[in-house]
$ cat structure_29.json   # JSON, C-alpha atoms
[["chain", "number", "residue", "atom", "x", "y", "z"],
["A", 58, "MET", "CA", -34.60, 41.01, 28.94],
["A", 59, "THR", "CA", -36.53, 42.00, 32.07],
["A", 60, "THR", "CA", -40.28, 42.44, 31.55],
["A", 61, "THR", "CA", -41.85, 44.96, 33.91],
["A", 62, "LEU", "CA", -45.51, 45.85, 34.38],
["A", 63, "ILE", "CA", -46.34, 49.20, 36.00],
["A", 64, "THR", "CA", -49.91, 50.04, 36.96],
["A", 65, "GLY", "CA", -51.19, 53.59, 36.65],
["A", 66, "ALA", "CA", -48.26, 54.41, 34.39],
["A", 67, "ASN", "CA", -49.76, 56.86, 31.91],
["A", 68, "LYS", "CA", -48.68, 59.87, 34.02],
["A", 69, "GLY", "CA", -46.78, 61.03, 37.10],
["A", 70, "LEU", "CA", -44.63, 58.62, 39.05],
["A", 71, "GLY", "CA", -45.68, 55.63, 36.96],
["A", 72, "PHE", "CA", -44.73, 57.34, 33.71],
["A", 73, "GLU", "CA", -41.36, 58.48, 35.05],
["A", 74, "THR", "CA", -40.65, 55.03, 36.46],
["A", 75, "ALA", "CA", -41.45, 53.50, 33.08],
["A", 76, "ARG", "CA", -39.20, 55.98, 31.28],
["A", 77, "ARG", "CA", -36.24, 55.25, 33.51],
["A", 78, "LEU", "CA", -36.66, 51.48, 33.48],
["A", 79, "ILE", "CA", -36.86, 51.48, 29.69],
["A", 80, "ALA", "CA", -33.61, 53.45, 29.67],
["A", 81, "ALA", "CA", -32.18, 50.77, 31.96],
["A", 82, "GLY", "CA", -33.06, 48.06, 29.45],
["A", 83, "HIS", "CA", -36.41, 46.79, 30.73],
["A", 84, "THR", "CA", -39.28, 45.89, 28.45],
["A", 85, "VAL", "CA", -42.03, 47.91, 30.09],
["A", 86, "VAL", "CA", -45.71, 47.09, 29.92],
["A", 87, "LEU", "CA", -47.60, 50.27, 30.72],
["A", 88, "GLY", "CA", -50.80, 49.62, 32.64],
["A", 89, "SER", "CA", -53.46, 52.28, 32.14],
["A", 90, "ARG", "CA", -57.17, 52.41, 32.90],
["A", 91, "ASP", "CA", -57.70, 55.10, 30.25],
["A", 92, "ALA", "CA", -57.07, 53.75, 26.76],
["A", 93, "GLY", "CA", -56.46, 57.11, 25.10],
["A", 94, "ARG", "CA", -54.02, 58.44, 27.69],
["A", 95, "GLY", "CA", -52.38, 55.06, 27.96],
["A", 96, "ARG", "CA", -51.83, 54.82, 24.20],
["A", 97, "GLU", "CA", -50.33, 58.30, 24.07],
["A", 98, "ALA", "CA", -48.00, 57.57, 27.00],
["A", 99, "ALA", "CA", -46.93, 54.20, 25.60],
["A", 100, "GLU", "CA", -46.11, 55.72, 22.23],
["A", 101, "ARG", "CA", -44.07, 58.49, 23.85],
["A", 102, "LEU", "CA", -42.08, 55.99, 25.88],
["A", 103, "GLY", "CA", -41.79, 53.08, 23.49],
["A", 104, "ALA", "CA", -43.64, 50.85, 25.96],
["A", 105, "GLU", "CA", -46.27, 48.17, 25.45],
["A", 106, "LEU", "CA", -49.80, 49.23, 26.42],
["A", 107, "LEU", "CA", -52.01, 47.10, 28.65],
["A", 108, "ILE", "CA", -55.51, 48.39, 29.41],
["A", 109, "LEU", "CA", -55.92, 47.66, 33.08],
["A", 110, "ASP", "CA", -58.31, 48.73, 35.84],
["A", 111, "VAL", "CA", -57.01, 47.48, 39.20],
["A", 112, "THR", "CA", -60.48, 47.84, 40.74],
["A", 113, "SER", "CA", -61.94, 45.24, 38.38],
["A", 114, "ASP", "CA", -61.40, 41.51, 38.84],
["A", 115, "GLU", "CA", -62.31, 40.93, 35.20],
["A", 116, "SER", "CA", -59.91, 43.58, 33.88],
["A", 117, "VAL", "CA", -57.02, 42.30, 35.98],
["A", 118, "ALA", "CA", -57.67, 38.68, 35.02],
["A", 119, "ALA", "CA", -57.82, 39.57, 31.32],
["A", 120, "ALA", "CA", -54.59, 41.55, 31.62],
["A", 121, "ALA", "CA", -52.81, 38.63, 33.27],
["A", 122, "ALA", "CA", -54.03, 36.27, 30.58],
["A", 123, "SER", "CA", -52.63, 38.54, 27.87],
["A", 124, "LEU", "CA", -49.02, 38.33, 29.09],
["A", 125, "SER", "CA", -46.72, 35.37, 28.63],
["A", 126, "GLU", "CA", -43.97, 36.46, 31.01],
["A", 127, "LEU", "CA", -43.32, 38.90, 33.83],
["A", 128, "ASP", "CA", -40.31, 39.61, 36.00],
["A", 129, "VAL", "CA", -41.22, 42.81, 37.83],
["A", 130, "LEU", "CA", -44.60, 44.06, 39.02],
["A", 131, "VAL", "CA", -44.85, 47.68, 40.18],
["A", 132, "ASN", "CA", -48.14, 48.35, 41.97],
["A", 133, "ASN", "CA", -48.21, 52.10, 41.45],
["A", 134, "ALA", "CA", -51.89, 52.86, 40.76],
["A", 135, "GLY", "CA", -53.45, 54.83, 43.57],
["A", 136, "ILE", "CA", -55.93, 57.57, 44.45],
["A", 137, "ALA", "CA", -56.07, 60.15, 47.22],
["A", 138, "GLY", "CA", -59.83, 59.83, 47.62],
["A", 139, "ASP", "CA", -62.03, 62.14, 49.62],
["A", 140, "LEU", "CA", -59.88, 64.07, 52.11],
["A", 141, "ALA", "CA", -62.83, 64.76, 54.39],
["A", 142, "ALA", "CA", -62.55, 65.78, 58.01],
["A", 143, "PRO", "CA", -62.46, 62.72, 60.30],
["A", 144, "ALA", "CA", -65.99, 63.40, 61.55],
["A", 145, "ASP", "CA", -67.26, 63.21, 57.98],
["A", 146, "VAL", "CA", -65.46, 60.01, 57.01],
["A", 147, "THR", "CA", -67.76, 57.06, 56.40],
["A", 148, "ALA", "CA", -67.20, 53.48, 55.34],
["A", 149, "ASP", "CA", -68.69, 54.33, 51.96],
["A", 150, "SER", "CA", -66.37, 57.29, 51.47],
["A", 151, "MET", "CA", -63.36, 55.09, 52.22],
["A", 152, "ARG", "CA", -64.37, 52.23, 49.96],
["A", 153, "ALA", "CA", -62.98, 53.65, 46.70],
["A", 154, "VAL", "CA", -59.59, 54.37, 48.28],
["A", 155, "TYR", "CA", -59.28, 50.85, 49.63],
["A", 156, "ASP", "CA", -60.54, 49.29, 46.42],
["A", 157, "THR", "CA", -57.74, 50.94, 44.43],
["A", 158, "ASN", "CA", -54.91, 51.30, 46.93],
["A", 159, "VAL", "CA", -55.29, 48.07, 48.90],
["A", 160, "PHE", "CA", -57.53, 45.58, 47.12],
["A", 161, "GLY", "CA", -56.00, 46.64, 43.81],
["A", 162, "VAL", "CA", -52.61, 45.48, 45.09],
["A", 163, "VAL", "CA", -54.10, 42.15, 46.18],
["A", 164, "ARG", "CA", -55.86, 41.68, 42.83],
["A", 165, "MET", "CA", -52.66, 42.33, 40.93],
["A", 166, "ILE", "CA", -50.47, 40.07, 43.02],
["A", 167, "HIS", "CA", -53.02, 37.26, 42.98],
["A", 168, "ALA", "CA", -53.46, 37.43, 39.20],
["A", 169, "PHE", "CA", -49.79, 37.80, 38.27],
["A", 170, "LEU", "CA", -48.19, 35.42, 40.77],
["A", 171, "PRO", "CA", -48.19, 32.49, 38.30],
["A", 172, "LEU", "CA", -46.13, 34.53, 35.82],
["A", 173, "LEU", "CA", -43.82, 35.93, 38.49],
["A", 174, "GLU", "CA", -43.13, 32.46, 39.85],
["A", 175, "LYS", "CA", -41.76, 31.47, 36.43],
["A", 176, "SER", "CA", -39.25, 34.34, 36.48],
["A", 177, "PRO", "CA", -35.64, 33.63, 37.56],
["A", 178, "ALA", "CA", -35.60, 36.90, 39.52],
["A", 179, "PRO", "CA", -39.14, 38.02, 40.40],
["A", 180, "VAL", "CA", -39.69, 41.42, 42.01],
["A", 181, "ILE", "CA", -42.76, 43.19, 43.36],
["A", 182, "VAL", "CA", -42.72, 46.86, 44.30],
["A", 183, "ASN", "CA", -45.72, 48.23, 46.17],
["A", 184, "VAL", "CA", -45.81, 52.01, 46.09],
["A", 185, "GLY", "CA", -46.58, 53.14, 49.61],
["A", 186, "SER", "CA", -46.37, 56.41, 51.50],
["A", 187, "GLY", "CA", -44.71, 57.83, 54.57],
["A", 188, "LEU", "CA", -48.25, 58.79, 55.63],
["A", 189, "GLY", "CA", -48.76, 55.07, 56.22],
["A", 190, "SER", "CA", -45.87, 54.88, 58.71],
["A", 191, "MET", "CA", -47.07, 54.45, 62.31],
["A", 192, "THR", "CA", -43.78, 55.90, 63.54],
["A", 193, "ARG", "CA", -44.04, 59.06, 61.46],
["A", 194, "ALA", "CA", -47.75, 59.51, 62.12],
["A", 195, "THR", "CA", -47.04, 59.65, 65.85],
["A", 196, "ASP", "CA", -43.79, 61.65, 65.74],
["A", 197, "PRO", "CA", -44.49, 65.33, 66.51],
["A", 198, "ALA", "CA", -41.42, 66.28, 64.45],
["A", 199, "ALA", "CA", -42.70, 64.52, 61.30],
["A", 200, "MET", "CA", -45.02, 66.13, 58.76],
["A", 201, "ALA", "CA", -47.17, 62.98, 58.77],
["A", 202, "SER", "CA", -48.18, 63.68, 62.38],
["A", 203, "THR", "CA", -49.77, 67.00, 61.37],
["A", 204, "LEU", "CA", -52.08, 65.47, 58.73],
["A", 205, "ILE", "CA", -55.21, 63.36, 59.18],
["A", 206, "PRO", "CA", -56.06, 61.75, 55.82],
["A", 207, "VAL", "CA", -57.98, 58.89, 57.44],
["A", 208, "ALA", "CA", -58.68, 56.83, 54.32],
["A", 209, "TYR", "CA", -55.44, 57.39, 52.44],
["A", 210, "ALA", "CA", -53.06, 56.98, 55.38],
["A", 211, "SER", "CA", -54.76, 53.86, 56.72],
["A", 212, "ALA", "CA", -54.83, 52.33, 53.23],
["A", 213, "LYS", "CA", -51.11, 52.94, 52.79],
["A", 214, "ALA", "CA", -50.46, 51.41, 56.22],
["A", 215, "ALA", "CA", -52.30, 48.34, 54.94],
["A", 216, "VAL", "CA", -50.03, 48.27, 51.88],
["A", 217, "THR", "CA", -46.93, 48.07, 54.07],
["A", 218, "MET", "CA", -48.40, 45.12, 55.97],
["A", 219, "LEU", "CA", -49.40, 43.41, 52.73],
["A", 220, "THR", "CA", -45.80, 43.80, 51.61],
["A", 221, "VAL", "CA", -44.50, 42.09, 54.75],
["A", 222, "GLN", "CA", -46.98, 39.22, 54.54],
["A", 223, "TYR", "CA", -46.35, 38.48, 50.87],
["A", 224, "ALA", "CA", -42.58, 38.69, 51.40],
["A", 225, "LYS", "CA", -42.84, 36.06, 54.15],
["A", 226, "ALA", "CA", -45.02, 33.85, 51.96],
["A", 227, "TYR", "CA", -42.72, 34.08, 48.91],
["A", 228, "PRO", "CA", -39.10, 34.17, 50.13],
["A", 229, "GLY", "CA", -37.82, 33.54, 46.61],
["A", 230, "MET", "CA", -39.19, 36.88, 45.46],
["A", 231, "ARG", "CA", -38.00, 40.37, 46.34],
["A", 232, "ILE", "CA", -41.13, 42.17, 47.59],
["A", 233, "ASN", "CA", -40.73, 45.67, 48.99],
["A", 234, "CYS", "CA", -42.66, 48.86, 49.64],
["A", 235, "ALA", "CA", -41.37, 52.13, 48.18],
["A", 236, "ASP", "CA", -42.25, 55.55, 49.59],
["A", 237, "PRO", "CA", -41.76, 58.19, 46.87],
["A", 238, "GLY", "CA", -42.17, 61.02, 49.38],
["A", 239, "TYR", "CA", -44.18, 64.22, 49.00],
["A", 240, "THR", "CA", -43.97, 64.47, 45.24],
["A", 241, "ALA", "CA", -45.69, 67.02, 42.99],
["A", 242, "THR", "CA", -48.28, 64.94, 41.12],
["A", 243, "ASP", "CA", -51.99, 65.04, 40.30],
["A", 244, "LEU", "CA", -52.60, 63.11, 43.53],
["A", 245, "ASN", "CA", -51.87, 66.20, 45.63],
["A", 246, "GLY", "CA", -52.66, 68.93, 43.12],
["A", 247, "HIS", "CA", -48.93, 69.27, 42.35],
["A", 248, "GLN", "CA", -48.29, 70.70, 45.82],
["A", 249, "GLY", "CA", -45.54, 68.20, 46.63],
["A", 250, "THR", "CA", -42.07, 69.46, 47.46],
["A", 251, "GLN", "CA", -40.23, 66.85, 45.39],
["A", 252, "THR", "CA", -40.03, 66.51, 41.62],
["A", 253, "VAL", "CA", -41.43, 63.46, 39.90],
["A", 254, "ALA", "CA", -37.85, 62.42, 39.07],
["A", 255, "GLU", "CA", -36.94, 62.52, 42.76],
["A", 256, "GLY", "CA", -40.07, 60.63, 43.75],
["A", 257, "ALA", "CA", -39.58, 57.90, 41.17],
["A", 258, "GLU", "CA", -35.98, 57.28, 42.23],
["A", 259, "ILE", "CA", -36.78, 54.75, 44.96],
["A", 260, "ILE", "CA", -39.40, 52.96, 42.84],
["A", 261, "VAL", "CA", -36.88, 52.52, 40.03],
["A", 262, "ARG", "CA", -34.23, 51.34, 42.48],
["A", 263, "MET", "CA", -36.51, 48.76, 44.12],
["A", 264, "ALA", "CA", -37.70, 47.52, 40.71],
["A", 265, "GLN", "CA", -34.08, 46.56, 40.02],
["A", 266, "THR", "CA", -33.57, 44.69, 43.30],
["A", 267, "ALA", "CA", -31.21, 41.76, 42.81],
["A", 268, "PRO", "CA", -32.08, 38.23, 43.99],
["A", 269, "ASP", "CA", -29.82, 38.72, 47.02],
["A", 270, "GLY", "CA", -31.32, 42.13, 47.80],
["A", 271, "PRO", "CA", -33.74, 43.11, 50.56],
["A", 272, "THR", "CA", -37.29, 41.86, 50.83],
["A", 273, "GLY", "CA", -40.18, 42.73, 53.12],
["A", 274, "GLY", "CA", -38.79, 46.24, 53.59],
["A", 275, "PHE", "CA", -40.05, 49.81, 53.44],
["A", 276, "PHE", "CA", -37.74, 52.31, 51.73],
["A", 277, "ASP", "CA", -37.55, 55.87, 50.43],
["A", 278, "ARG", "CA", -34.70, 57.42, 48.46],
["A", 279, "HIS", "CA", -32.86, 58.21, 51.68],
["A", 280, "GLY", "CA", -32.99, 54.71, 53.15],
["A", 281, "VAL", "CA", -35.22, 52.65, 55.42],
["A", 282, "VAL", "CA", -38.61, 54.12, 56.36],
["A", 283, "PRO", "CA", -39.67, 53.33, 59.95],
["A", 284, "TRP", "CA", -42.80, 51.25, 60.29]]

$ encode --input "structure_29.json" --output "structure tokens"
Amino acid sequence: MTTTLITGANKGLGFETARRLIAAGHTVVLGSRDAGRGREAAERLGAELLILDVTSDESVAAAAASLSELDVLVNNAGIAGDLAAPADVTADSMRAVYDTNVFGVVRMIHAFLPLLEKSPAPVIVNVGSGLGSMTRATDPAAMASTLIPVAYASAKAAVTMLTVQYAKAYPGMRINCADPGYTATDLNGHQGTQTVAEGAEIIVRMAQTAPDGPTGGFFDRHGVVPW
């Protein structure tokens, strides 16, 4: 049985990913910062609940200590942060976005590596964004070039680089970045043009990457995302 931990899984893309992986036979551990919402989501899905705040070293360490095995880690938890105009962006205003979207990924990987290294087929999926693609951000034909979410886009660009570096460091693992696309979730006020089911498709697919599958890549449901 494949044991999979998904952060930020009490709603949206995380919840849908959990639902589909459970249907595929995974034992899913649902990571949620909010105990009440997490319990409700876990009961609806038939998942195990793990109270987990990716911005807290203590919370992540305690979560890692509570598990005895792990095969797949899906770093899904993320926030949009303050979408201020570039002139109003400050280091302080960016800190929360980086703490969740970037440092949260590092905390999770650092804490759960010992368990993943014991798995016969370890997989890490970092949920990224096409807004973090340098190619798309500078392509006049791409939507990403028309938006300037300084904190969010730069944090997601960092996630893609983290993915590459960890994949190089751990060649025995399959470590990839998944771009769900512009999906209607709380993150964007449900303005996205894709359904949650469509957005979760690539996350679910990458969570089931075989030992001979790709690693160090950036993918959406249509294929490879340009860096």

$ atom_distance --input "structure_29.json" --atom1 "CA of Val282 in chain A" --atom2 "CA of Ala264 in chain A"
17.0 Å

$ closest_residue --input "structure_29.json" --among "A:Gly185, A:Pro171, A:Gly135, A:Gly69" --to "Thr252 in chain A" --atoms "only C-alpha atoms"
A:Gly69

$ residues_around --input "structure_29.json" --residues "Arg94 in chain A" --least-positions-apart "6" --cutoff "12 Å" --atoms "only C-alpha atoms" --output "list of chain:residue names"
A:Gly65, A:Ala66, A:Asn67, A:Lys68, A:Phe72, A:Leu87, A:Gly88, A:Glu100, A:Arg101, A:Leu106, A:Leu107, A:Ile108

$ residues_near_point --input "structure_29.json" --point "(-45.7, 37.5, 47.5)" --cutoff "9 Å" --atoms "only C-alpha atoms" --output "MDAnalysis selection string"
chainID A and resid 166:167 170 181 219:232

$ residues_around --input "structure_29.json" --residues "Glu126 in chain A" --least-positions-apart "5" --cutoff "12 Å" --atoms "all atoms listed in the file" --output "list in words"
Met58, Thr59, Thr60, Thr61, Leu62, Thr84, Val85, Val86, Ala120, Ala121, Phe169, Leu170, Pro171, Leu172, Leu173, Glu174, Lys175, Ser176, Pro177, Ala178 and Pro179 of chain A

$ residues_around --input "structure_29.json" --residues "range 187-201 of chain A" --least-positions-apart "4" --cutoff "7 Å" --atoms "only C-alpha atoms" --output "list in words"
Ala210, Ser211, Lys213, Ala214, Asp236, Gly238, Pro283 and Trp284 of chain A

$ atom_distance --input "structure_29.json" --atom1 "CA of Phe275 in chain A" --atom2 "CA of Val253 in chain A"
19.3 Å

$ closest_residue --input "structure_29.json" --among "A:Ala144, A:Ala235, A:Ala122, A:Ala215" --to "Asn158 in chain A" --atoms "only C-alpha atoms"
A:Ala215

$ axis_aligned_box --input "structure_29.json" --around "range 158-167 of chain A" --padding-each-side "5 Å" --output "lines of an AutoDock Vina configuration file"
center_x = -54.0
center_y = 44.3
center_z = 44.9
size_x = 17.1
size_y = 24.0
size_z = 18.0

$ closest_residue --input "structure_29.json" --among "A:Val184, A:Ala168, A:Ala141, A:Ala254" --to "Ser116 in chain A" --atoms "all atoms listed in the file"
A:Ala168
